[in-house]
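Trainee: One file is attached below, data.cif, containing mmCIF, N, CA and C atoms.
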```
data_entry
#
loop_
_atom_site.group_PDB
_atom_site.id
_atom_site.type_symbol
_atom_site.label_atom_id
_atom_site.label_comp_id
_atom_site.auth_asym_id
_atom_site.auth_seq_id
_atom_site.Cartn_x
_atom_site.Cartn_y
_atom_site.Cartn_z
ATOM 1 N N MET A 367 102.782 128.053 155.079
ATOM 2 C CA MET A 367 103.157 127.058 156.041
ATOM 3 C C MET A 367 102.107 125.938 156.048
ATOM 4 N N TRP A 368 102.560 124.706 156.051
ATOM 5 C CA TRP A 368 101.662 123.546 156.078
ATOM 6 C C TRP A 368 101.387 123.129 157.516
ATOM 7 N N ASN A 369 100.158 122.723 157.765
ATOM 8 C CA ASN A 369 99.712 122.317 159.096
ATOM 9 C C ASN A 369 99.180 120.889 159.043
ATOM 10 N N LEU A 370 99.361 120.156 160.122
ATOM 11 C CA LEU A 370 98.785 118.822 160.206
ATOM 12 C C LEU A 370 97.269 118.916 160.301
ATOM 13 N N ALA A 371 96.591 117.907 159.785
ATOM 14 C CA ALA A 371 95.124 117.904 159.774
ATOM 15 C C ALA A 371 94.532 117.942 161.178
ATOM 16 N N ASN A 372 95.272 117.417 162.164
ATOM 17 C CA ASN A 372 94.731 117.409 163.523
ATOM 18 C C ASN A 372 94.898 118.759 164.227
ATOM 19 N N THR A 373 95.426 119.762 163.520
ATOM 20 C CA THR A 373 95.436 121.153 163.986
ATOM 21 C C THR A 373 94.699 121.981 162.937
ATOM 22 N N PRO A 374 93.374 121.838 162.900
ATOM 23 C CA PRO A 374 92.577 122.448 161.827
ATOM 24 C C PRO A 374 92.552 123.970 161.881
ATOM 25 N N PRO A 375 92.069 124.590 160.796
ATOM 26 C CA PRO A 375 91.974 126.047 160.768
ATOM 27 C C PRO A 375 91.004 126.562 161.832
ATOM 28 N N ALA A 376 91.280 127.747 162.305
ATOM 29 C CA ALA A 376 90.426 128.365 163.329
ATOM 30 C C ALA A 376 89.054 128.667 162.741
ATOM 31 N N GLY A 377 88.084 128.625 163.605
ATOM 32 C CA GLY A 377 86.725 128.954 163.182
ATOM 33 C C GLY A 377 85.789 128.961 164.369
ATOM 34 N N ASP A 378 84.617 129.509 164.174
ATOM 35 C CA ASP A 378 83.617 129.562 165.234
ATOM 36 C C ASP A 378 82.995 128.187 165.444
ATOM 37 N N ILE A 379 82.637 127.880 166.684
ATOM 38 C CA ILE A 379 81.969 126.622 167.017
ATOM 39 C C ILE A 379 80.626 126.573 166.275
ATOM 40 N N GLY A 380 80.357 125.434 165.660
ATOM 41 C CA GLY A 380 79.099 125.248 164.945
ATOM 42 C C GLY A 380 79.097 125.812 163.540
ATOM 43 N N LYS A 381 80.275 126.188 163.040
ATOM 44 C CA LYS A 381 80.363 126.762 161.690
ATOM 45 C C LYS A 381 81.544 126.156 160.941
ATOM 46 N N TRP A 382 81.472 126.254 159.625
ATOM 47 C CA TRP A 382 82.571 125.800 158.769
ATOM 48 C C TRP A 382 83.650 126.867 158.714
ATOM 49 N N SER A 383 84.904 126.424 158.640
ATOM 50 C CA SER A 383 86.018 127.355 158.471
ATOM 51 C C SER A 383 86.007 127.900 157.045
ATOM 52 N N LYS A 384 86.872 128.854 156.792
ATOM 53 C CA LYS A 384 87.054 129.284 155.407
ATOM 54 C C LYS A 384 87.731 128.137 154.639
ATOM 55 N N ASP A 385 87.609 128.135 153.331
ATOM 56 C CA ASP A 385 88.244 127.099 152.510
ATOM 57 C C ASP A 385 89.756 127.192 152.624
ATOM 58 N N VAL A 386 90.393 126.034 152.717
ATOM 59 C CA VAL A 386 91.851 125.930 152.743
ATOM 60 C C VAL A 386 92.272 124.912 151.694
ATOM 61 N N VAL A 387 93.549 124.882 151.374
ATOM 62 C CA VAL A 387 94.093 123.873 150.466
ATOM 63 C C VAL A 387 94.473 122.671 151.325
ATOM 64 N N ALA A 388 93.941 121.505 150.987
ATOM 65 C CA ALA A 388 94.179 120.297 151.775
ATOM 66 C C ALA A 388 94.780 119.200 150.907
ATOM 67 N N VAL A 389 95.732 118.459 151.469
ATOM 68 C CA VAL A 389 96.359 117.316 150.800
ATOM 69 C C VAL A 389 95.966 116.062 151.571
ATOM 70 N N THR A 390 95.543 115.036 150.840
ATOM 71 C CA THR A 390 95.088 113.805 151.482
ATOM 72 C C THR A 390 96.195 112.758 151.556
ATOM 73 N N ASN A 391 95.905 111.692 152.264
ATOM 74 C CA ASN A 391 96.843 110.573 152.373
ATOM 75 C C ASN A 391 97.055 109.877 151.034
ATOM 76 N N TYR A 392 96.243 110.155 150.033
ATOM 77 C CA TYR A 392 96.407 109.596 148.688
ATOM 78 C C TYR A 392 97.138 110.566 147.765
ATOM 79 N N GLY A 393 97.549 111.724 148.304
ATOM 80 C CA GLY A 393 98.275 112.707 147.520
ATOM 81 C C GLY A 393 97.400 113.626 146.691
ATOM 82 N N ASN A 394 96.091 113.567 146.883
ATOM 83 C CA ASN A 394 95.183 114.441 146.158
ATOM 84 C C ASN A 394 95.069 115.789 146.857
ATOM 85 N N VAL A 395 94.801 116.828 146.084
ATOM 86 C CA VAL A 395 94.705 118.188 146.602
ATOM 87 C C VAL A 395 93.281 118.697 146.381
ATOM 88 N N PHE A 396 92.701 119.259 147.433
ATOM 89 C CA PHE A 396 91.335 119.781 147.377
ATOM 90 C C PHE A 396 91.277 121.135 148.072
ATOM 91 N N SER A 397 90.258 121.916 147.736
ATOM 92 C CA SER A 397 89.904 123.107 148.494
ATOM 93 C C SER A 397 88.753 122.681 149.404
ATOM 94 N N LEU A 398 89.002 122.657 150.730
ATOM 95 C CA LEU A 398 88.037 122.121 151.690
ATOM 96 C C LEU A 398 87.849 123.066 152.869
ATOM 97 N N SER A 399 86.802 122.784 153.638
ATOM 98 C CA SER A 399 86.543 123.485 154.898
ATOM 99 C C SER A 399 86.560 122.469 156.032
ATOM 100 N N HIS A 400 86.694 122.967 157.241
ATOM 101 C CA HIS A 400 86.654 122.146 158.440
ATOM 102 C C HIS A 400 85.511 122.635 159.306
ATOM 103 N N PHE A 401 84.665 121.705 159.786
ATOM 104 C CA PHE A 401 83.558 122.073 160.667
ATOM 105 C C PHE A 401 84.039 121.995 162.100
ATOM 106 N N ASN A 402 83.885 123.079 162.833
ATOM 107 C CA ASN A 402 84.323 123.156 164.221
ATOM 108 C C ASN A 402 83.140 122.907 165.150
ATOM 109 N N GLY A 403 83.128 121.743 165.778
ATOM 110 C CA GLY A 403 82.066 121.408 166.715
ATOM 111 C C GLY A 403 82.505 121.620 168.142
ATOM 112 N N GLU A 404 81.579 121.485 169.063
ATOM 113 C CA GLU A 404 81.886 121.671 170.482
ATOM 114 C C GLU A 404 82.849 120.604 171.000
ATOM 115 N N CYS A 405 82.755 119.408 170.471
ATOM 116 C CA CYS A 405 83.587 118.280 170.940
ATOM 117 C C CYS A 405 84.557 117.821 169.858
ATOM 118 N N GLY A 406 85.060 118.732 169.070
ATOM 119 C CA GLY A 406 85.971 118.383 167.983
ATOM 120 C C GLY A 406 85.427 118.889 166.665
ATOM 121 N N GLY A 407 85.883 118.297 165.605
ATOM 122 C CA GLY A 407 85.431 118.755 164.300
ATOM 123 C C GLY A 407 85.620 117.689 163.249
ATOM 124 N N VAL A 408 85.287 118.059 162.022
ATOM 125 C CA VAL A 408 85.374 117.114 160.919
ATOM 126 C C VAL A 408 85.711 117.866 159.634
ATOM 127 N N TRP A 409 86.544 117.244 158.809
ATOM 128 C CA TRP A 409 86.864 117.809 157.504
ATOM 129 C C TRP A 409 85.747 117.498 156.524
ATOM 130 N N GLN A 410 85.501 118.425 155.641
ATOM 131 C CA GLN A 410 84.555 118.228 154.550
ATOM 132 C C GLN A 410 85.013 117.022 153.722
ATOM 133 N N ARG A 411 84.067 116.203 153.243
ATOM 134 C CA ARG A 411 84.411 115.017 152.448
ATOM 135 C C ARG A 411 83.708 115.104 151.090
ATOM 136 N N PRO A 412 84.417 115.585 150.078
ATOM 137 C CA PRO A 412 83.791 115.691 148.754
ATOM 138 C C PRO A 412 83.519 114.321 148.143
ATOM 139 N N GLU A 413 82.624 114.293 147.177
ATOM 140 C CA GLU A 413 82.290 113.040 146.486
ATOM 141 C C GLU A 413 83.514 112.391 145.857
ATOM 142 N N LYS A 414 84.507 113.184 145.495
ATOM 143 C CA LYS A 414 85.704 112.653 144.828
ATOM 144 C C LYS A 414 86.640 111.916 145.781
ATOM 145 N N PHE A 415 86.391 111.998 147.091
ATOM 146 C CA PHE A 415 87.211 111.242 148.052
ATOM 147 C C PHE A 415 87.023 109.749 147.799
ATOM 148 N N GLU A 416 88.124 109.019 147.842
ATOM 149 C CA GLU A 416 88.089 107.563 147.731
ATOM 150 C C GLU A 416 87.849 106.973 149.120
ATOM 151 N N PRO A 417 87.355 105.732 149.200
ATOM 152 C CA PRO A 417 87.234 105.093 150.516
ATOM 153 C C PRO A 417 88.588 105.074 151.225
ATOM 154 N N GLY A 418 88.608 105.473 152.467
ATOM 155 C CA GLY A 418 89.836 105.505 153.252
ATOM 156 C C GLY A 418 90.653 106.770 153.093
ATOM 157 N N GLU A 419 90.245 107.651 152.202
ATOM 158 C CA GLU A 419 90.992 108.895 151.987
ATOM 159 C C GLU A 419 90.679 109.882 153.105
ATOM 160 N N GLU A 420 91.697 110.573 153.594
ATOM 161 C CA GLU A 420 91.523 111.561 154.649
ATOM 162 C C GLU A 420 92.536 112.680 154.498
ATOM 163 N N VAL A 421 92.200 113.822 155.052
ATOM 164 C CA VAL A 421 93.092 114.983 155.014
ATOM 165 C C VAL A 421 94.289 114.722 155.925
ATOM 166 N N LYS A 422 95.485 115.012 155.421
ATOM 167 C CA LYS A 422 96.711 114.881 156.214
ATOM 168 C C LYS A 422 97.351 116.233 156.490
ATOM 169 N N TRP A 423 97.324 117.148 155.523
ATOM 170 C CA TRP A 423 97.954 118.462 155.633
ATOM 171 C C TRP A 423 97.029 119.520 155.072
ATOM 172 N N TRP A 424 97.172 120.747 155.541
ATOM 173 C CA TRP A 424 96.421 121.863 154.970
ATOM 174 C C TRP A 424 97.245 123.144 155.096
ATOM 175 N N THR A 425 96.921 124.108 154.228
ATOM 176 C CA THR A 425 97.523 125.435 154.287
ATOM 177 C C THR A 425 96.478 126.438 153.832
ATOM 178 N N ASN A 426 96.710 127.689 154.166
ATOM 179 C CA ASN A 426 95.758 128.735 153.753
ATOM 180 C C ASN A 426 95.668 128.792 152.244
ATOM 181 N N ASN A 427 94.482 129.115 151.764
ATOM 182 C CA ASN A 427 94.249 129.246 150.338
ATOM 183 C C ASN A 427 94.992 130.486 149.841
ATOM 184 N N PRO A 428 95.839 130.335 148.803
ATOM 185 C CA PRO A 428 96.615 131.500 148.333
ATOM 186 C C PRO A 428 95.725 132.612 147.774
ATOM 187 N N GLU A 429 94.456 132.312 147.479
ATOM 188 C CA GLU A 429 93.552 133.340 146.962
ATOM 189 C C GLU A 429 93.056 134.266 148.058
ATOM 190 N N ASP A 430 93.264 133.883 149.318
ATOM 191 C CA ASP A 430 92.785 134.714 150.445
ATOM 192 C C ASP A 430 93.798 135.775 150.819
#
```
Translate this file's structure into structure tokens.
Mentor:
Amino acid sequence: MWNLANTPPAGDIGKWSKDVVAVTNYGNVFSLSHFNGECGGVWQRPEKFEPGEEVKWWTNNPED
């Protein structure tokens, strides 16, 4: 099942989530984590991200 980026994977506050499969607004696919902070969180941004690229969808990694 695919999830919107604004409903990130569950995880402990102050820690990175497990890796998930993420699709960006540019149609690129990455294996990424989401950092869960006290006041929200942030998606991992690999060097291969282009300016303006952001996660739009994610699903559990099929290897898990």
Trainee: May I ask for the distance between CA of Glu416 (chain A) and CA of Gly377 (chain A), given in Å to one decimal place?
Mentor: 26.4 Å
Trainee: I'd like the neighbourhood of Ala388 (chain A) as a PyMOL selection string, where a residue qualifies if any of its atoms comes within 5 Å (using all atoms listed in the file), though same-chain residues fewer than 5 positions away should be ignored.
Mentor: chain A and resi 395-397+423-424
Trainee: Restricting the calculation to all atoms listed in the file, which member of A:Ala371, A:His400, A:Lys422, A:Arg411 is positioned closest to Asp385 (chain A)?
Mentor: A:His400
Trainee: When distances are computed from all atoms listed in the file, which of A:Glu404, A:Glu413, A:Glu419, A:Glu429 shows the smallest separation from Asp378 (chain A)?
Mentor: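 Once distances to Asp378 (chain A) are computed over all atoms listed in the file, the minimum belongs to A:Glu404.
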Trainee: Identify all residues of chain A in strand (DSSP E) (DSSP on the backbone) and supply them as a PyMOL selection string.
Mentor: chain A and resi 369-370+381-382+386-390+395-398+400-403+406-409+421-426
Trainee: Spell out the residues picked by the PyMOL selection byres ((chain A and resi 368) around 6) here, as a ChimeraX atom specification.
Mentor: /A:367,369-370,424-425
Trainee: Between CA of Ile379 (chain A) and CA of Pro428 (chain A), what is the distance in Å, rounded to a tenth?
Mentor: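 The value is 24.2 Å.
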Trainee: Using only C-alpha atoms for the distances, tell me which of A:Gly418, A:Pro412, A:Cys405, A:Asn427 is nearest to Val387 (chain A).
Mentor: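 Comparing A:Gly418, A:Pro412, A:Cys405, A:Asn427 against Val387 (chain A), the winner is A:Asn427.
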Trainee: Could you state the separation of CA of Asn391 (chain A) and CA of Gly403 (chain A) in Å, given to one decimal place?
Mentor: 23.3 Å
Trainee: Taking all atoms of region 381-391 of chain A that the file lists and extending 3 Å past them on each side, where is the centre of the axis-aligned box and how long are its edges? Answer in Å to one decimal, as lines of an AutoDock Vina configuration file.
Mentor:
```
center_x = 88.7
center_y = 119.6
center_z = 156.8
size_x = 22.8
size_y = 25.4
size_z = 18.6
```
Trainee: Quick one: residues within 12 Å of Trp382 (chain A), only C-alpha atoms counted, chain neighbours fewer than 4 positions away excluded, as a list in words?
Mentor: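 The neighbour list is Pro374, Pro375, Ala376, Gly377, Asp378, Val386, Leu398, Ser399, His400, Phe401, Asn402, Gly403, Gly407, Val408, Trp409 and Gln410 of chain A.
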Trainee: Kindly add N, CA, C and O atoms to the incomplete region 413-428 of chain A and provide the output as a PDB file, keeping the file's coordinate frame.
Mentor:
```
ATOM      1  N   GLU A 413      82.624 114.293 147.177  1.00  0.00           N
ATOM      2  CA  GLU A 413      82.290 113.040 146.486  1.00  0.00           C
ATOM      3  C   GLU A 413      83.514 112.391 145.857  1.00  0.00           C
ATOM      4  O   GLU A 413      83.562 111.177 145.715  1.00  0.00           O
ATOM      5  N   LYS A 414      84.507 113.184 145.495  1.00  0.00           N
ATOM      6  CA  LYS A 414      85.704 112.653 144.828  1.00  0.00           C
ATOM      7  C   LYS A 414      86.640 111.916 145.781  1.00  0.00           C
ATOM      8  O   LYS A 414      87.577 111.278 145.341  1.00  0.00           O
ATOM      9  N   PHE A 415      86.391 111.998 147.091  1.00  0.00           N
ATOM     10  CA  PHE A 415      87.211 111.242 148.052  1.00  0.00           C
ATOM     11  C   PHE A 415      87.023 109.749 147.799  1.00  0.00           C
ATOM     12  O   PHE A 415      85.904 109.269 147.618  1.00  0.00           O
ATOM     13  N   GLU A 416      88.124 109.019 147.842  1.00  0.00           N
ATOM     14  CA  GLU A 416      88.089 107.563 147.731  1.00  0.00           C
ATOM     15  C   GLU A 416      87.849 106.973 149.120  1.00  0.00           C
ATOM     16  O   GLU A 416      88.136 107.623 150.127  1.00  0.00           O
ATOM     17  N   PRO A 417      87.355 105.732 149.200  1.00  0.00           N
ATOM     18  CA  PRO A 417      87.234 105.093 150.516  1.00  0.00           C
ATOM     19  C   PRO A 417      88.588 105.074 151.225  1.00  0.00           C
ATOM     20  O   PRO A 417      89.605 104.741 150.622  1.00  0.00           O
ATOM     21  N   GLY A 418      88.608 105.473 152.467  1.00  0.00           N
ATOM     22  CA  GLY A 418      89.836 105.505 153.252  1.00  0.00           C
ATOM     23  C   GLY A 418      90.653 106.770 153.093  1.00  0.00           C
ATOM     24  O   GLY A 418      91.657 106.962 153.779  1.00  0.00           O
ATOM     25  N   GLU A 419      90.245 107.651 152.202  1.00  0.00           N
ATOM     26  CA  GLU A 419      90.992 108.895 151.987  1.00  0.00           C
ATOM     27  C   GLU A 419      90.679 109.882 153.105  1.00  0.00           C
ATOM     28  O   GLU A 419      89.537 110.019 153.535  1.00  0.00           O
ATOM     29  N   GLU A 420      91.697 110.573 153.594  1.00  0.00           N
ATOM     30  CA  GLU A 420      91.523 111.561 154.649  1.00  0.00           C
ATOM     31  C   GLU A 420      92.536 112.680 154.498  1.00  0.00           C
ATOM     32  O   GLU A 420      93.579 112.512 153.886  1.00  0.00           O
ATOM     33  N   VAL A 421      92.200 113.822 155.052  1.00  0.00           N
ATOM     34  CA  VAL A 421      93.092 114.983 155.014  1.00  0.00           C
ATOM     35  C   VAL A 421      94.289 114.722 155.925  1.00  0.00           C
ATOM     36  O   VAL A 421      94.136 114.266 157.058  1.00  0.00           O
ATOM     37  N   LYS A 422      95.485 115.012 155.421  1.00  0.00           N
ATOM     38  CA  LYS A 422      96.711 114.881 156.214  1.00  0.00           C
ATOM     39  C   LYS A 422      97.351 116.233 156.490  1.00  0.00           C
ATOM     40  O   LYS A 422      97.916 116.442 157.551  1.00  0.00           O
ATOM     41  N   TRP A 423      97.324 117.148 155.523  1.00  0.00           N
ATOM     42  CA  TRP A 423      97.954 118.462 155.633  1.00  0.00           C
ATOM     43  C   TRP A 423      97.029 119.520 155.072  1.00  0.00           C
ATOM     44  O   TRP A 423      96.223 119.243 154.187  1.00  0.00           O
ATOM     45  N   TRP A 424      97.172 120.747 155.541  1.00  0.00           N
ATOM     46  CA  TRP A 424      96.421 121.863 154.970  1.00  0.00           C
ATOM     47  C   TRP A 424      97.245 123.144 155.096  1.00  0.00           C
ATOM     48  O   TRP A 424      98.147 123.254 155.910  1.00  0.00           O
ATOM     49  N   THR A 425      96.921 124.108 154.228  1.00  0.00           N
ATOM     50  CA  THR A 425      97.523 125.435 154.287  1.00  0.00           C
ATOM     51  C   THR A 425      96.478 126.438 153.832  1.00  0.00           C
ATOM     52  O   THR A 425      95.478 126.075 153.204  1.00  0.00           O
ATOM     53  N   ASN A 426      96.710 127.689 154.166  1.00  0.00           N
ATOM     54  CA  ASN A 426      95.758 128.735 153.753  1.00  0.00           C
ATOM     55  C   ASN A 426      95.668 128.792 152.244  1.00  0.00           C
ATOM     56  O   ASN A 426      96.660 128.561 151.533  1.00  0.00           O
ATOM     57  N   ASN A 427      94.482 129.115 151.764  1.00  0.00           N
ATOM     58  CA  ASN A 427      94.249 129.246 150.338  1.00  0.00           C
ATOM     59  C   ASN A 427      94.992 130.486 149.841  1.00  0.00           C
ATOM     60  O   ASN A 427      94.812 131.563 150.387  1.00  0.00           O
ATOM     61  N   PRO A 428      95.839 130.335 148.803  1.00  0.00           N
ATOM     62  CA  PRO A 428      96.615 131.500 148.333  1.00  0.00           C
ATOM     63  C   PRO A 428      95.725 132.612 147.774  1.00  0.00           C
ATOM     64  O   PRO A 428      96.186 133.738 147.643  1.00  0.00           O
TER      65      PRO A 428
END
```
